[in-house]
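Structure file work.tsv (TSV, C-alpha atoms and all ligand atoms) is printed below.
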```tsv
chain	number	residue	atom	x	y	z
A	1287	MET	CA	113.51	103.69	131.92
A	1288	GLU	CA	111.84	105.76	129.24
A	1289	ARG	CA	110.02	108.74	130.70
A	1290	LYS	CA	106.29	109.06	130.24
A	1291	THR	CA	105.05	111.27	127.42
A	1292	ASN	CA	101.68	112.75	126.62
A	1293	ARG	CA	100.31	109.66	124.89
A	1294	ALA	CA	98.74	106.24	125.26
A	1295	ARG	CA	101.17	103.29	125.20
A	1296	ALA	CA	99.84	101.48	122.12
A	1297	SER	CA	102.65	100.54	119.75
A	1298	SER	CA	103.55	102.94	116.93
A	1299	LYS	CA	101.66	102.76	113.64
A	1300	SER	CA	102.82	101.33	110.35
A	1301	TRP	CA	103.55	103.70	107.48
A	1302	ASP	CA	100.86	102.14	105.24
A	1303	ALA	CA	99.03	105.46	104.95
A	1304	VAL	CA	102.14	107.18	103.59
A	1305	ALA	CA	103.71	104.20	101.79
A	1306	ASN	CA	103.23	105.63	98.27
A	1307	TRP	CA	104.66	108.98	99.29
A	1308	TYR	CA	107.64	107.30	101.04
A	1309	LEU	CA	108.38	105.06	98.04
A	1310	GLY	CA	108.25	108.10	95.75
A	1311	TRP	CA	110.60	110.06	98.01
A	1312	ALA	CA	113.08	107.38	99.08
A	1313	GLY	CA	112.67	104.82	96.30
A	1314	THR	CA	113.38	101.15	96.92
A	1315	GLU	CA	117.14	101.70	97.24
A	1316	GLY	CA	116.72	104.61	99.68
A	1317	SER	CA	117.18	108.35	99.21
A	1318	ARG	CA	120.54	109.93	98.41
A	1319	HIS	CA	120.97	110.52	102.16
A	1320	HIS	CA	120.40	106.81	102.72
A	1321	ARG	CA	122.85	105.72	100.03
A	1322	GLU	CA	125.65	108.18	100.65
A	1323	LEU	CA	125.47	108.78	104.41
A	1324	ALA	CA	123.16	106.62	106.48
A	1325	ILE	CA	123.74	103.16	104.98
A	1326	PRO	CA	127.58	103.43	104.80
A	1327	ALA	CA	127.70	104.68	108.42
A	1328	LEU	CA	125.41	101.92	109.67
A	1329	MET	CA	127.35	99.26	107.73
A	1330	ALA	CA	130.67	100.47	109.17
A	1331	LEU	CA	129.35	99.87	112.70
A	1332	LEU	CA	127.44	96.67	111.90
A	1333	ALA	CA	130.30	95.01	109.93
A	1334	PRO	CA	128.21	91.98	108.92
A	1335	GLY	CA	130.22	88.81	108.42
A	1336	ARG	CA	129.72	86.20	105.69
A	1337	ASP	CA	126.59	84.05	106.36
A	1338	GLU	CA	125.62	86.02	109.46
A	1339	ASN	CA	121.87	86.45	110.00
A	1340	ILE	CA	120.93	90.14	110.09
A	1341	LEU	CA	117.50	91.50	111.09
A	1342	ASP	CA	116.50	94.97	109.80
A	1343	ILE	CA	113.78	96.28	112.16
A	1344	GLY	CA	111.39	98.86	110.66
A	1345	CYS	CA	112.89	98.01	107.26
A	1346	GLY	CA	110.32	99.87	105.13
A	1347	ALA	CA	110.98	98.94	101.49
A	1348	GLY	CA	114.28	97.25	102.36
A	1349	ALA	CA	116.78	99.98	101.46
A	1350	LEU	CA	119.40	98.23	103.62
A	1351	ALA	CA	119.01	94.82	101.92
A	1352	PRO	CA	121.46	95.35	98.99
A	1353	ALA	CA	124.31	96.39	101.32
A	1354	ILE	CA	123.78	93.39	103.64
A	1355	LEU	CA	123.56	90.98	100.71
A	1356	ALA	CA	126.67	92.51	99.11
A	1357	ALA	CA	128.51	91.64	102.36
A	1358	GLN	CA	127.38	88.01	101.80
A	1359	ALA	CA	125.30	88.03	104.97
A	1360	ARG	CA	121.66	86.86	105.18
A	1361	TYR	CA	119.02	89.57	105.33
A	1362	THR	CA	115.59	89.58	107.00
A	1363	GLY	CA	113.56	92.78	107.05
A	1364	LEU	CA	110.56	93.33	109.33
A	1365	ASP	CA	108.06	96.18	109.19
A	1366	LYS	CA	104.51	96.86	110.30
A	1367	SER	CA	103.53	98.26	106.89
A	1368	ARG	CA	102.04	95.59	104.61
A	1369	LYS	CA	102.37	97.91	101.62
A	1370	LEU	CA	106.07	98.59	102.13
A	1371	ILE	CA	106.76	94.88	102.75
A	1372	ALA	CA	104.83	93.91	99.59
A	1373	HIS	CA	106.94	96.38	97.62
A	1374	ALA	CA	110.16	95.10	99.23
A	1375	ARG	CA	109.26	91.49	98.37
A	1376	ARG	CA	108.67	92.41	94.71
A	1377	HIS	CA	111.86	94.43	94.42
A	1378	HIS	CA	114.30	92.19	96.30
A	1379	ALA	CA	112.64	88.92	95.22
A	1380	GLY	CA	114.57	85.77	96.00
A	1381	HIS	CA	117.50	87.34	97.78
A	1382	ALA	CA	116.04	88.60	101.02
A	1383	ARG	CA	113.32	87.59	103.45
A	1384	PHE	CA	110.64	90.08	104.52
A	1385	LEU	CA	108.15	89.78	107.38
A	1386	VAL	CA	105.16	91.88	108.39
A	1387	GLY	CA	105.48	92.33	112.14
A	1388	ASP	CA	105.59	94.69	115.07
A	1389	ALA	CA	109.00	95.81	116.30
A	1390	THR	CA	107.73	95.99	119.87
A	1391	THR	CA	107.13	92.20	120.02
A	1392	LEU	CA	109.04	90.79	117.02
A	1393	HIS	CA	106.62	87.84	116.90
A	1394	PRO	CA	107.03	85.37	115.24
A	1395	VAL	CA	110.85	85.78	115.22
A	1396	ALA	CA	112.46	83.00	117.29
A	1397	ASP	CA	114.62	83.68	120.35
A	1398	ALA	CA	118.40	83.96	119.80
A	1399	SER	CA	118.07	83.55	116.02
A	1400	PHE	CA	120.07	86.58	114.75
A	1401	ASP	CA	123.75	87.56	114.91
A	1402	ALA	CA	122.96	91.27	114.55
A	1403	ALA	CA	120.03	93.67	114.21
A	1404	ALA	CA	119.71	97.16	112.77
A	1405	PHE	CA	117.31	100.07	113.04
A	1406	LEU	CA	117.99	102.24	109.96
A	1407	LEU	CA	116.17	105.56	110.46
A	1408	SER	CA	113.32	103.69	112.15
A	1409	ILE	CA	113.92	103.76	115.92
A	1410	GLN	CA	112.51	107.31	116.20
A	1411	ASP	CA	109.29	106.12	114.54
A	1412	ILE	CA	108.90	103.11	116.84
A	1413	ASP	CA	107.24	103.24	120.24
A	1414	PRO	CA	107.46	102.13	123.02
A	1415	LEU	CA	111.25	102.11	122.88
A	1416	ASP	CA	111.78	99.79	125.86
A	1417	ALA	CA	109.54	97.07	124.32
A	1418	ALA	CA	111.39	97.34	120.98
A	1419	LEU	CA	114.80	96.99	122.65
A	1420	ARG	CA	113.68	94.10	124.88
A	1421	SER	CA	112.39	92.32	121.76
A	1422	ALA	CA	115.65	92.97	119.90
A	1423	ALA	CA	117.57	91.50	122.85
A	1424	ARG	CA	115.32	88.43	122.80
A	1425	VAL	CA	115.97	87.61	119.12
A	1426	LEU	CA	119.73	88.24	119.25
A	1427	LYS	CA	122.22	85.53	120.12
A	1428	PRO	CA	124.34	86.21	123.22
A	1429	GLY	CA	127.05	88.67	122.14
A	1430	GLY	CA	124.88	89.81	119.20
A	1431	ARG	CA	125.22	93.39	117.91
A	1432	LEU	CA	122.52	96.02	117.65
A	1433	VAL	CA	123.12	99.12	115.52
A	1434	MET	CA	120.71	102.03	115.42
A	1435	LEU	CA	121.10	105.04	113.17
A	1436	MET	CA	118.82	108.01	113.77
A	1437	THR	CA	118.57	111.72	113.07
A	1438	HIS	CA	120.67	113.27	115.82
A	1439	PRO	CA	118.41	113.54	118.90
A	1440	CYS	CA	120.44	116.44	120.37
A	1441	PHE	CA	120.29	118.71	117.31
A	1442	ARG	CA	117.49	117.64	114.97
A	1443	ILE	CA	114.34	117.63	117.06
A	1444	PRO	CA	111.33	117.89	114.73
A	1445	ARG	CA	109.43	121.17	115.22
A	1446	GLN	CA	111.66	122.03	118.21
A	1447	SER	CA	114.94	122.98	116.52
A	1448	GLY	CA	116.05	124.93	113.46
A	1449	TRP	CA	118.71	127.04	111.83
A	1450	GLY	CA	119.32	130.68	112.72
A	1451	ARG	CA	121.72	133.28	111.33
A	1452	ASP	CA	124.09	135.40	113.44
A	1453	GLU	CA	124.69	138.32	111.09
A	1454	GLY	CA	127.35	139.92	113.32
A	1455	ARG	CA	129.56	136.82	113.23
A	1456	ALA	CA	128.41	135.73	109.76
A	1457	LEU	CA	127.55	132.32	111.21
A	1458	GLN	CA	124.69	129.91	110.98
A	1459	TYR	CA	123.70	128.41	114.34
A	1460	ARG	CA	121.34	125.67	115.51
A	1461	ARG	CA	118.54	126.70	117.84
A	1462	ILE	CA	117.19	124.05	120.26
A	1463	ASP	CA	113.86	124.85	121.89
A	1464	HIS	CA	113.20	121.57	123.69
A	1465	TYR	CA	115.41	118.61	124.50
A	1466	LEU	CA	115.16	116.78	127.84
A	1467	THR	CA	111.48	115.86	127.87
A	1468	PRO	CA	110.45	113.09	125.44
A	1469	LEU	CA	107.86	114.14	122.88
A	1470	ASP	CA	105.38	112.39	120.61
A	1471	ILE	CA	105.40	114.62	117.53
A	1472	PRO	CA	102.83	114.40	114.71
A	1473	MET	CA	104.72	114.97	111.48
A	1474	GLN	CA	103.37	116.96	108.54
A	1475	GLU	CA	100.87	115.28	106.23
A	1476	TYR	CA	102.77	113.90	103.29
A	1477	GLY	CA	101.93	113.97	99.60
A	1478	GLY	CA	99.44	116.02	97.63
A	1479	SER	CA	96.69	113.61	98.66
A	1480	ARG	CA	97.39	114.43	102.34
A	1481	ALA	CA	97.50	110.69	102.78
A	1482	GLY	CA	98.40	110.47	106.43
A	1483	VAL	CA	100.33	111.68	109.41
A	1484	THR	CA	103.26	109.76	110.86
A	1485	ARG	CA	104.60	110.26	114.37
A	1486	SER	CA	108.14	110.83	115.46
A	1487	TYR	CA	109.22	110.10	119.04
A	1488	HIS	CA	111.80	112.50	120.36
A	1489	ARG	CA	113.92	111.13	123.22
A	1490	PRO	CA	117.07	112.63	124.69
A	1491	LEU	CA	120.25	110.63	124.33
A	1492	GLU	CA	120.14	109.47	127.96
A	1493	VAL	CA	116.85	107.65	127.26
A	1494	TYR	CA	118.43	105.59	124.46
A	1495	VAL	CA	121.48	104.66	126.55
A	1496	SER	CA	119.41	103.86	129.66
A	1497	ALA	CA	116.88	101.79	127.69
A	1498	LEU	CA	119.69	99.84	126.02
A	1499	ALA	CA	121.25	99.10	129.41
A	1500	ALA	CA	117.88	98.06	130.88
A	1501	SER	CA	117.46	95.55	128.02
A	1502	GLY	CA	120.88	93.98	128.63
A	1503	PHE	CA	122.93	95.88	126.03
A	1504	VAL	CA	126.29	97.56	126.49
A	1505	VAL	CA	127.01	100.53	124.20
A	1506	GLU	CA	130.40	100.00	122.62
A	1507	ALA	CA	130.63	102.46	119.70
A	1508	MET	CA	129.08	105.72	118.60
A	1509	LYS	CA	129.41	107.85	115.47
A	1510	GLU	CA	128.07	111.34	114.75
A	1511	ILE	CA	127.65	112.01	111.05
A	1512	PRO	CA	127.61	115.45	109.40
A	1513	ALA	CA	125.14	116.26	106.64
A	1514	ALA	CA	126.26	116.11	103.02
A	1515	TYR	CA	126.00	118.88	100.48
A	1516	PHE	CA	125.09	117.50	97.07
A	1517	GLY	CA	125.42	120.71	95.02
A	1518	PRO	CA	128.53	122.18	93.38
A	1519	PRO	CA	131.05	123.15	96.14
A	1520	GLU	CA	131.39	126.76	94.91
A	1521	LYS	CA	127.66	127.27	95.42
A	1522	GLU	CA	127.71	126.36	99.13
A	1523	ALA	CA	127.83	129.42	101.38
A	1524	ARG	CA	130.66	129.43	103.97
A	1525	ALA	CA	128.29	129.76	106.95
A	1526	LEU	CA	126.22	126.83	105.74
A	1527	ARG	CA	129.33	124.68	105.16
A	1528	LEU	CA	130.71	125.37	108.65
A	1529	ALA	CA	127.39	124.61	110.29
A	1530	ARG	CA	126.89	121.49	108.22
A	1531	GLN	CA	130.36	120.16	109.07
A	1532	GLU	CA	130.10	120.87	112.82
A	1533	ILE	CA	126.48	120.10	113.71
A	1534	PRO	CA	125.76	116.46	112.91
A	1535	LEU	CA	122.73	115.18	111.06
A	1536	PHE	CA	122.80	111.55	112.18
A	1537	LEU	CA	123.83	109.62	115.29
A	1538	ALA	CA	124.68	105.92	115.14
A	1539	LEU	CA	125.18	103.62	118.15
A	1540	ARG	CA	126.41	100.05	118.35
A	1541	ALA	CA	125.51	98.01	121.41
A	1542	ARG	CA	126.21	94.39	122.28
A	1543	ARG	CA	123.87	91.97	124.01
A	1544	GLU	CA	125.60	90.79	127.13
A	1601	LIG	C1	111.33	106.32	108.26
A	1601	LIG	S1	110.71	104.72	107.86
A	1601	LIG	C2	112.29	103.90	107.67
A	1601	LIG	C3	112.19	102.71	106.76
A	1601	LIG	C4	113.55	102.12	106.33
A	1601	LIG	N1	114.33	101.65	107.45
A	1601	LIG	C5	114.33	103.12	105.53
A	1601	LIG	O1	115.34	103.65	106.03
A	1601	LIG	O2	113.93	103.38	104.38
A	1601	LIG	C6	110.15	104.09	109.46
A	1601	LIG	C7	109.51	102.70	109.37
A	1601	LIG	O3	109.19	102.26	110.69
A	1601	LIG	C8	108.03	101.42	110.58
A	1601	LIG	N2	107.40	101.24	111.91
A	1601	LIG	C9	106.86	102.16	112.73
A	1601	LIG	N3	106.40	101.57	113.85
A	1601	LIG	C10	106.66	100.25	113.72
A	1601	LIG	C11	106.45	99.12	114.56
A	1601	LIG	N4	105.85	99.22	115.77
A	1601	LIG	N5	106.85	97.90	114.11
A	1601	LIG	C12	107.47	97.76	112.91
A	1601	LIG	N6	107.69	98.79	112.07
A	1601	LIG	C13	107.30	100.03	112.48
A	1601	LIG	C14	107.16	102.14	109.56
A	1601	LIG	O4	106.17	101.32	108.98
A	1601	LIG	C15	108.22	102.65	108.57
A	1601	LIG	O5	108.37	101.74	107.49
```
Could the structure of this file be written out as structure tokens, please?
Ligand SMILES: C[S@@+](CC[C@H](N)C(=O)[O-])C[C@H]1O[C@@H](n2cnc3c(N)ncnc32)[C@H](O)[C@@H]1O
Amino acid sequence: MERKTNRARASSKSWDAVANWYLGWAGTEGSRHHRELAIPALMALLAPGRDENILDIGCGAGALAPAILAAQARYTGLDKSRKLIAHARRHHAGHARFLVGDATTLHPVADASFDAAAFLLSIQDIDPLDAALRSAARVLKPGGRLVMLMTHPCFRIPRQSGWGRDEGRALQYRRIDHYLTPLDIPMQEYGGSRAGVTRSYHRPLEVYVSALAASGFVVEAMKEIPAAYFGPPEKEARALRLARQEIPLFLALRARRE
């Protein structure tokens, strides 16, 4: 079971307040991190088959839709943000289906109606976790896959981790200030207009695995993904390269509904 944190148990908020900022930052096709790291890693675990029905939970503007459609699978995206869903419908018109809905209930999605589901960089913004996973289990067919890709919960804890430099060893290290206790973390206000604050829910890895098991999932694959460096290779300092290659940015899990 997920441990209690310092908050009420209402479900997490939509990103309506920061939708314009998020669209400006990530664009409709996703940021460079989405396109070159996160989406390929998630797709490798999800392996959608032709004509399979795939549900993208917390889909935002639908950055995952082109990859799912290119695999000749059927795409449905669901998000609580009306603004992001309106944008997704305009951009991916005709090819994909988008629903406004809450990940913690997945109403009005029918029981056992999807072959696979994905959380692309959304599970850490969705709360409560156990309700979201129970709902995902409900809408998946028996044997259905669930893939979640997140910023690595062991190394990338917002406001509670960061880089440090060991001058003696000429190394860059990762400092972790807080890990085992779940946290509800208000993120910085985004955009010049200070449009809104989103929340990120830190949970240790054991909480994800235990919550998956409690919802009837078995974890069957896991991938830890290093960060990319997008500049010219000769400009990347050695210490930064070593740290980047050894301390992962993303974690992806595939689980199967029993
Ligand atoms: C970081 S964005 C990721 C969006 C998209 N998957 C992507 O990678 O571009 C997190 C998304 O989770 C959505 N979200 C947060 N809580 C939610 C909930 N309870 N139900 C559905 N969506 C939710 C937000 O509206 C936001 O679009």
Kindly indicate which residue among A:Thr1467, A:Ser1367, A:Gln1446, A:Thr1314 lies nearest to ligand LIG 1601 (chain A), using all atoms listed in the file for the distances.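 Of the candidates, the smallest distance to ligand LIG 1601 (chain A) is held by A:Ser1367.
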Sorted by chain and rising residue number, list the residues of segment 1309-1402 of chain A at most 8 Å from segment 1503-1512 of chain A (counting all atoms listed in the file), each with its closest atom pair and distance in Å to one decimal, as CSV.
```
residue,atom,partner,partner_atom,distance
A:Leu1323,CA,A:Ile1511,CA,7.7
A:Ala1327,CA,A:Ile1511,CA,7.8
A:Leu1331,CA,A:Ala1507,CA,7.6
```
For atom N3 of ligand LIG 1601 (chain A) and atom CA of Ala1497 of chain A, the interatomic separation in Å (one decimal): 17.4 Å
Check which residues fall inside 7 Å of ligand LIG 1601 (chain A) when counting all atoms listed in the file, and print them as a PyMOL selection string. chain A and resi 1297-1302+1312+1316+1320+1343-1349+1364-1367+1370+1387-1390+1405-1408+1411-1413
Dump C-alpha atoms for the selected residues as a short mmCIF file (atom, residue, chain, number, x, y, z; two decimals), in the frame of the given file?
```cif
data_model
loop_
_atom_site.label_atom_id
_atom_site.label_comp_id
_atom_site.auth_asym_id
_atom_site.auth_seq_id
_atom_site.Cartn_x
_atom_site.Cartn_y
_atom_site.Cartn_z
CA SER A 1297 102.65 100.54 119.75
CA SER A 1298 103.55 102.94 116.93
CA LYS A 1299 101.66 102.76 113.64
CA SER A 1300 102.82 101.33 110.35
CA TRP A 1301 103.55 103.70 107.48
CA ASP A 1302 100.86 102.14 105.24
CA ALA A 1312 113.08 107.38 99.08
CA GLY A 1316 116.72 104.61 99.68
CA HIS A 1320 120.40 106.81 102.72
CA ILE A 1343 113.78 96.28 112.16
CA GLY A 1344 111.39 98.86 110.66
CA CYS A 1345 112.89 98.01 107.26
CA GLY A 1346 110.32 99.87 105.13
CA ALA A 1347 110.98 98.94 101.49
CA GLY A 1348 114.28 97.25 102.36
CA ALA A 1349 116.78 99.98 101.46
CA LEU A 1364 110.56 93.33 109.33
CA ASP A 1365 108.06 96.18 109.19
CA LYS A 1366 104.51 96.86 110.30
CA SER A 1367 103.53 98.26 106.89
CA LEU A 1370 106.07 98.59 102.13
CA GLY A 1387 105.48 92.33 112.14
CA ASP A 1388 105.59 94.69 115.07
CA ALA A 1389 109.00 95.81 116.30
CA THR A 1390 107.73 95.99 119.87
CA PHE A 1405 117.31 100.07 113.04
CA LEU A 1406 117.99 102.24 109.96
CA LEU A 1407 116.17 105.56 110.46
CA SER A 1408 113.32 103.69 112.15
CA ASP A 1411 109.29 106.12 114.54
CA ILE A 1412 108.90 103.11 116.84
CA ASP A 1413 107.24 103.24 120.24
#
```
In Å, how far is it from atom CA of Gly1310 of chain A to atom CA of Ala1379 of chain A? 19.7 Å
